[in-house]
Amino acid sequence: MLKTGQVIGLPVTVGSAKNITEKIARIASMGHGGYVCVANVHMVTTAIRNEKLRKIMEKSLFVTADGLPLVWMLKQSGFKEAERVTGADLTLRLCETAADEKIFVYFYGGYPETIRSLKAFIVKRFPNLEVVGYESPPLLPLHPKPDQDVVARIIKSGAHIVFVGLGCPKQEHWMAEYTSYLSAILIGVGAAFDFIAGTTNRAPVWMQKCGLEWAYRLATEPQKMWKRYATTNPLFVWMFIKEYVKRKV
C-alpha cells in the first residue's frame, strides 16, 4: 500500500517510479480502470484555485510527484522516501513492464509529427510491446466531453493502459470524463510524448536534479511557458513558506 502525503493541501502519492509502475501494471492487468495524475507545481497551484481539478486529483488512483518541489515538501512532512516520478520516466518504465507482461498500451494526444516520432522510438526501444493505438486528436476544448467514437476505438483496441498527452489541466479533465466508459487505466503524462519522441529537449540531468527544469523550459520555450511560470511559481513558493512556518510553530 503506497502512502499519500499532502502538498499545499493536495494529495500526492509517496513512492518511487519502480513501485508505482508495479502498482499500475497490476491494476491494469486486472482491468479495474481509473486514472493517474502526474503532478508538478503548475498542477497543484492550478488545483488550489480550481475546485474541479482539485476533485479530479482527489479521485485519482495515484498522484505522482513530477516536480522536485513537491518531493521536497513531502520530505519536509516526514516522507523521507519520497522520490520524483516524471511522466516521461513513468511512461518508459510502464512500456518496459507492459512488454514483459503482455499489457496492451495506447497513446492518445500530441501533434501528428510527435506521434510519428514517438512511434518510431517505441518500435525500436520496445519491439515486444503491444501498442494497440496511436492517436493524435484534433484540438480539444479545455473541458472535453466524451466522444463515443474515441471510446469505441479504445475499447475495441483492448488497451489496458492509455497514456494521455494533452497537457495539464486538459488531460486531467479528459481522464475524468472518459474513465467511467473505459476499463483501461488512463495516465496523464503531459509533455512526455514530446520528450520521448525528441521533438522537445529535456533539461540537462544536473538541472533536473536541482529542480531547475522549469528554467530550462522557460529559456527554450519562452512564449509558451512564461505565463505559466510567472503565475504558478511565485504562488507555490508563497504557499510552501506558509506550510513550512506552520509546521515549525
# chains A, B, ... in the order shown; residues from 1 in each chain; ligands from 1
call {"tool": "select_by_dssp", "arguments": {"residues": "region 4-249 of chain A", "states": "helix (DSSP H, G or I)", "output": "PDB file with C-alpha atoms, in the first residue's frame"}}
result
ATOM      1  CA  ALA A  17       8.948   5.064 -10.240  1.00  0.00           C
ATOM      2  CA  LYS A  18       9.546   1.345  -9.639  1.00  0.00           C
ATOM      3  CA  ASN A  19       6.808   0.688  -7.072  1.00  0.00           C
ATOM      4  CA  ILE A  20       4.264   2.988  -8.715  1.00  0.00           C
ATOM      5  CA  THR A  21       4.901   1.226 -12.037  1.00  0.00           C
ATOM      6  CA  GLU A  22       4.328  -2.131 -10.371  1.00  0.00           C
ATOM      7  CA  LYS A  23       1.054  -0.960  -8.819  1.00  0.00           C
ATOM      8  CA  ILE A  24      -0.269   0.487 -12.084  1.00  0.00           C
ATOM      9  CA  ALA A  25       0.683  -2.635 -14.055  1.00  0.00           C
ATOM     10  CA  ARG A  26      -1.071  -4.869 -11.539  1.00  0.00           C
ATOM     11  CA  ILE A  27      -4.290  -2.819 -11.627  1.00  0.00           C
ATOM     12  CA  ALA A  28      -4.164  -2.530 -15.423  1.00  0.00           C
ATOM     13  CA  SER A  29      -3.831  -6.285 -15.878  1.00  0.00           C
ATOM     14  CA  MET A  30      -6.987  -6.773 -13.806  1.00  0.00           C
ATOM     15  CA  VAL A  41       3.975  22.861  -9.444  1.00  0.00           C
ATOM     16  CA  HIS A  42       1.681  24.046 -12.225  1.00  0.00           C
ATOM     17  CA  MET A  43      -0.915  21.358 -11.490  1.00  0.00           C
ATOM     18  CA  VAL A  44      -1.075  21.754  -7.720  1.00  0.00           C
ATOM     19  CA  THR A  45      -1.237  25.555  -7.808  1.00  0.00           C
ATOM     20  CA  THR A  46      -3.918  25.406 -10.511  1.00  0.00           C
ATOM     21  CA  ALA A  47      -5.886  22.905  -8.406  1.00  0.00           C
ATOM     22  CA  ILE A  48      -5.751  25.221  -5.394  1.00  0.00           C
ATOM     23  CA  ARG A  49      -7.720  27.771  -7.418  1.00  0.00           C
ATOM     24  CA  GLU A  51     -12.244  23.117  -7.360  1.00  0.00           C
ATOM     25  CA  LYS A  52     -12.974  20.777 -10.271  1.00  0.00           C
ATOM     26  CA  LEU A  53      -9.297  19.971 -10.825  1.00  0.00           C
ATOM     27  CA  ARG A  54      -8.821  19.505  -7.090  1.00  0.00           C
ATOM     28  CA  LYS A  55     -11.618  16.916  -7.023  1.00  0.00           C
ATOM     29  CA  ILE A  56     -10.146  15.159 -10.059  1.00  0.00           C
ATOM     30  CA  MET A  57      -6.831  14.810  -8.233  1.00  0.00           C
ATOM     31  CA  GLU A  58      -8.548  13.593  -5.075  1.00  0.00           C
ATOM     32  CA  LEU A  68      11.092  18.253  -7.331  1.00  0.00           C
ATOM     33  CA  PRO A  69       9.481  20.991  -5.182  1.00  0.00           C
ATOM     34  CA  LEU A  70       6.663  18.514  -4.451  1.00  0.00           C
ATOM     35  CA  VAL A  71       9.245  15.937  -3.371  1.00  0.00           C
ATOM     36  CA  TRP A  72      10.914  18.496  -1.116  1.00  0.00           C
ATOM     37  CA  MET A  73       7.591  19.288   0.563  1.00  0.00           C
ATOM     38  CA  LEU A  74       6.861  15.588   1.081  1.00  0.00           C
ATOM     39  CA  LYS A  75      10.282  15.117   2.662  1.00  0.00           C
ATOM     40  CA  GLN A  76       9.678  18.156   4.902  1.00  0.00           C
ATOM     41  CA  GLY A  87       5.590  11.494 -16.833  1.00  0.00           C
ATOM     42  CA  ALA A  88       8.383  10.529 -19.252  1.00  0.00           C
ATOM     43  CA  ASP A  89      10.090   8.167 -16.792  1.00  0.00           C
ATOM     44  CA  LEU A  90       6.788   6.568 -15.796  1.00  0.00           C
ATOM     45  CA  THR A  91       5.834   6.075 -19.461  1.00  0.00           C
ATOM     46  CA  LEU A  92       9.110   4.350 -20.308  1.00  0.00           C
ATOM     47  CA  ARG A  93       9.028   2.123 -17.229  1.00  0.00           C
ATOM     48  CA  LEU A  94       5.454   1.104 -17.900  1.00  0.00           C
ATOM     49  CA  CYS A  95       6.253   0.342 -21.539  1.00  0.00           C
ATOM     50  CA  GLU A  96       9.088  -1.917 -20.396  1.00  0.00           C
ATOM     51  CA  THR A  97       6.862  -3.708 -17.880  1.00  0.00           C
ATOM     52  CA  ALA A  98       3.972  -3.926 -20.351  1.00  0.00           C
ATOM     53  CA  ALA A  99       6.239  -5.554 -22.949  1.00  0.00           C
ATOM     54  CA  ASP A 100       7.234  -8.222 -20.431  1.00  0.00           C
ATOM     55  CA  GLU A 101       3.738  -8.832 -19.085  1.00  0.00           C
ATOM     56  CA  PRO A 112       0.899  14.207 -35.728  1.00  0.00           C
ATOM     57  CA  GLU A 113       4.651  14.769 -36.129  1.00  0.00           C
ATOM     58  CA  THR A 114       5.191  13.976 -32.455  1.00  0.00           C
ATOM     59  CA  ILE A 115       3.180  10.763 -32.752  1.00  0.00           C
ATOM     60  CA  ARG A 116       5.187   9.708 -35.809  1.00  0.00           C
ATOM     61  CA  SER A 117       8.491  10.211 -33.983  1.00  0.00           C
ATOM     62  CA  LEU A 118       7.119   8.612 -30.829  1.00  0.00           C
ATOM     63  CA  LYS A 119       6.033   5.518 -32.769  1.00  0.00           C
ATOM     64  CA  ALA A 120       9.468   5.170 -34.362  1.00  0.00           C
ATOM     65  CA  PHE A 121      11.136   5.388 -30.945  1.00  0.00           C
ATOM     66  CA  ILE A 122       8.768   2.929 -29.243  1.00  0.00           C
ATOM     67  CA  VAL A 123       9.049   0.326 -32.016  1.00  0.00           C
ATOM     68  CA  LYS A 124      12.846   0.456 -31.795  1.00  0.00           C
ATOM     69  CA  ARG A 125      13.124   0.603 -27.983  1.00  0.00           C
ATOM     70  CA  GLN A 148     -18.228   7.841 -28.237  1.00  0.00           C
ATOM     71  CA  ASP A 149     -16.163   7.111 -31.357  1.00  0.00           C
ATOM     72  CA  VAL A 150     -12.990   7.557 -29.295  1.00  0.00           C
ATOM     73  CA  VAL A 151     -14.449   5.379 -26.532  1.00  0.00           C
ATOM     74  CA  ALA A 152     -15.308   2.682 -29.075  1.00  0.00           C
ATOM     75  CA  ARG A 153     -11.810   2.752 -30.621  1.00  0.00           C
ATOM     76  CA  ILE A 154     -10.079   2.391 -27.264  1.00  0.00           C
ATOM     77  CA  ILE A 155     -12.405  -0.397 -26.120  1.00  0.00           C
ATOM     78  CA  LYS A 156     -12.019  -2.250 -29.419  1.00  0.00           C
ATOM     79  CA  SER A 157      -8.237  -1.967 -29.196  1.00  0.00           C
ATOM     80  CA  LYS A 170      -6.920  19.445 -20.238  1.00  0.00           C
ATOM     81  CA  GLN A 171      -5.712  15.867 -19.883  1.00  0.00           C
ATOM     82  CA  GLU A 172      -6.983  15.639 -16.296  1.00  0.00           C
ATOM     83  CA  HIS A 173     -10.451  16.794 -17.363  1.00  0.00           C
ATOM     84  CA  TRP A 174     -10.298  14.332 -20.289  1.00  0.00           C
ATOM     85  CA  MET A 175      -9.456  11.431 -17.985  1.00  0.00           C
ATOM     86  CA  ALA A 176     -12.174  12.330 -15.507  1.00  0.00           C
ATOM     87  CA  GLU A 177     -14.752  12.396 -18.310  1.00  0.00           C
ATOM     88  CA  TYR A 178     -13.661   9.176 -20.017  1.00  0.00           C
ATOM     89  CA  THR A 179     -12.764   6.947 -17.065  1.00  0.00           C
ATOM     90  CA  SER A 180     -16.315   5.708 -16.438  1.00  0.00           C
ATOM     91  CA  TYR A 181     -16.509   4.425 -20.027  1.00  0.00           C
ATOM     92  CA  ALA A 192       6.191  13.055 -22.107  1.00  0.00           C
ATOM     93  CA  PHE A 193       5.362  12.252 -25.749  1.00  0.00           C
ATOM     94  CA  ASP A 194       7.489  15.198 -26.909  1.00  0.00           C
ATOM     95  CA  PHE A 195      10.382  14.337 -24.590  1.00  0.00           C
ATOM     96  CA  ILE A 196      10.406  10.666 -25.597  1.00  0.00           C
ATOM     97  CA  ALA A 197       9.952  11.432 -29.295  1.00  0.00           C
ATOM     98  CA  VAL A 205      20.310  15.978 -15.879  1.00  0.00           C
ATOM     99  CA  TRP A 206      22.053  18.346 -13.483  1.00  0.00           C
ATOM    100  CA  MET A 207      19.233  20.891 -13.920  1.00  0.00           C
ATOM    101  CA  GLN A 208      16.619  18.181 -13.368  1.00  0.00           C
ATOM    102  CA  LYS A 209      18.336  17.116 -10.133  1.00  0.00           C
ATOM    103  CA  GLU A 213      13.953  22.041 -15.302  1.00  0.00           C
ATOM    104  CA  TRP A 214      11.358  24.830 -15.333  1.00  0.00           C
ATOM    105  CA  ALA A 215      14.129  27.367 -16.023  1.00  0.00           C
ATOM    106  CA  TYR A 216      15.351  25.340 -18.986  1.00  0.00           C
ATOM    107  CA  ARG A 217      11.856  25.090 -20.439  1.00  0.00           C
ATOM    108  CA  LEU A 218      11.311  28.809 -19.909  1.00  0.00           C
ATOM    109  CA  ALA A 219      14.569  29.575 -21.719  1.00  0.00           C
ATOM    110  CA  THR A 220      13.819  27.233 -24.640  1.00  0.00           C
ATOM    111  CA  PRO A 222       9.539  31.389 -23.550  1.00  0.00           C
ATOM    112  CA  GLN A 223       6.340  32.236 -25.424  1.00  0.00           C
ATOM    113  CA  LYS A 224       4.676  29.009 -24.311  1.00  0.00           C
ATOM    114  CA  MET A 225       5.905  28.835 -20.722  1.00  0.00           C
ATOM    115  CA  TRP A 226       6.383  32.372 -19.365  1.00  0.00           C
ATOM    116  CA  LYS A 227       2.783  32.921 -18.284  1.00  0.00           C
ATOM    117  CA  ARG A 228       2.575  29.558 -16.527  1.00  0.00           C
ATOM    118  CA  TYR A 229       5.726  30.105 -14.504  1.00  0.00           C
ATOM    119  CA  ALA A 230       5.026  33.779 -13.806  1.00  0.00           C
ATOM    120  CA  THR A 231       1.707  32.901 -12.193  1.00  0.00           C
ATOM    121  CA  THR A 232       2.283  29.494 -10.599  1.00  0.00           C
ATOM    122  CA  ASN A 233       5.867  29.510  -9.295  1.00  0.00           C
ATOM    123  CA  PRO A 234       5.526  32.590  -7.010  1.00  0.00           C
ATOM    124  CA  LEU A 235       2.229  31.251  -5.641  1.00  0.00           C
ATOM    125  CA  PHE A 236       3.783  27.857  -4.910  1.00  0.00           C
ATOM    126  CA  VAL A 237       6.781  29.445  -3.167  1.00  0.00           C
ATOM    127  CA  TRP A 238       4.459  31.559  -1.015  1.00  0.00           C
ATOM    128  CA  MET A 239       2.340  28.533  -0.041  1.00  0.00           C
ATOM    129  CA  PHE A 240       5.480  26.456   0.566  1.00  0.00           C
ATOM    130  CA  ILE A 241       6.750  29.090   3.019  1.00  0.00           C
ATOM    131  CA  LYS A 242       3.364  29.221   4.788  1.00  0.00           C
ATOM    132  CA  GLU A 243       3.310  25.421   5.146  1.00  0.00           C
ATOM    133  CA  TYR A 244       6.906  25.359   6.395  1.00  0.00           C
ATOM    134  CA  VAL A 245       6.319  28.075   9.003  1.00  0.00           C
ATOM    135  CA  LYS A 246       3.095  26.393  10.145  1.00  0.00           C
ATOM    136  CA  ARG A 247       4.945  23.112  10.801  1.00  0.00           C
ATOM    137  CA  LYS A 248       7.717  24.889  12.710  1.00  0.00           C
TER     138      LYS A 248
END
call {"tool": "select_by_dssp", "arguments": {"residues": "region 37-223 of chain A", "states": "strand (DSSP E or B)", "output": "list in words"}}
result
Cys37, Val38, Ala39, Phe62, Val63, Thr64, Ala65, Val105, Tyr106, Phe107, Tyr108, Gly109, Val131, Val132, Gly133, Tyr134, Glu135, Ile161, Val162, Phe163, Val164, Gly165, Ile185, Leu186, Ile187 and Gly188 of chain A
call {"tool": "write_last_selection", "arguments": {"atoms": "C-alpha atoms", "output": "PDB file, in the first residue's frame"}}
result
ATOM      1  CA  CYS A  37      -2.259  12.246 -12.333  1.00  0.00           C
ATOM      2  CA  VAL A  38       1.383  13.262 -12.785  1.00  0.00           C
ATOM      3  CA  ALA A  39       1.631  16.451 -10.757  1.00  0.00           C
ATOM      4  CA  PHE A  62      -2.290   7.957  -7.706  1.00  0.00           C
ATOM      5  CA  VAL A  63      -0.829  11.460  -7.944  1.00  0.00           C
ATOM      6  CA  THR A  64       2.865  11.164  -8.675  1.00  0.00           C
ATOM      7  CA  ALA A  65       5.332  13.896  -7.705  1.00  0.00           C
ATOM      8  CA  VAL A 105      -0.966   0.205 -24.361  1.00  0.00           C
ATOM      9  CA  TYR A 106      -2.485   3.110 -26.304  1.00  0.00           C
ATOM     10  CA  PHE A 107      -1.061   6.595 -26.895  1.00  0.00           C
ATOM     11  CA  TYR A 108      -3.579   9.448 -27.115  1.00  0.00           C
ATOM     12  CA  GLY A 109      -2.510  13.049 -27.675  1.00  0.00           C
ATOM     13  CA  VAL A 131       0.852  -0.874 -28.829  1.00  0.00           C
ATOM     14  CA  VAL A 132      -2.784  -1.077 -29.894  1.00  0.00           C
ATOM     15  CA  GLY A 133      -3.251   2.569 -30.848  1.00  0.00           C
ATOM     16  CA  TYR A 134      -1.536   5.863 -31.603  1.00  0.00           C
ATOM     17  CA  GLU A 135      -3.976   8.745 -31.892  1.00  0.00           C
ATOM     18  CA  ILE A 161      -3.214   1.424 -20.292  1.00  0.00           C
ATOM     19  CA  VAL A 162      -3.877   4.683 -22.155  1.00  0.00           C
ATOM     20  CA  PHE A 163      -1.133   7.307 -21.989  1.00  0.00           C
ATOM     21  CA  VAL A 164      -2.813  10.715 -22.351  1.00  0.00           C
ATOM     22  CA  GLY A 165      -0.609  13.556 -23.573  1.00  0.00           C
ATOM     23  CA  ILE A 185      -6.027   2.887 -16.682  1.00  0.00           C
ATOM     24  CA  LEU A 186      -5.601   6.428 -18.015  1.00  0.00           C
ATOM     25  CA  ILE A 187      -2.334   8.227 -17.244  1.00  0.00           C
ATOM     26  CA  GLY A 188      -1.921  11.952 -17.886  1.00  0.00           C
TER      27      GLY A 188
END
call {"tool": "closest_residue", "arguments": {"among": "A:Pro137, A:Ala82, A:Asn50, A:His32", "to": "Val12 (chain A)", "atoms": "only C-alpha atoms"}}
result
A:Ala82
call {"tool": "atom_distance", "arguments": {"atom1": "CA of Glu130 (chain A)", "atom2": "CA of Asn201 (chain A)"}}
result
26.3 Å
call {"tool": "atom_distance", "arguments": {"atom1": "CA of Leu139 (chain A)", "atom2": "CA of Asn40 (chain A)"}}
result
23.2 Å
call {"tool": "atom_distance", "arguments": {"atom1": "CA of Lys102 (chain A)", "atom2": "CA of Leu182 (chain A)"}}
result
18.8 Å
call {"tool": "closest_residue", "arguments": {"among": "A:Lys80, A:Lys59, A:His160, A:Lys145", "to": "Pro11 (chain A)", "atoms": "only C-alpha atoms"}}
result
A:Lys59
call {"tool": "residues_around", "arguments": {"residues": "Lys3 (chain A)", "least_positions_apart": "5", "cutoff": "8 Å", "atoms": "only C-alpha atoms", "output": "count of residues only"}}
result
3
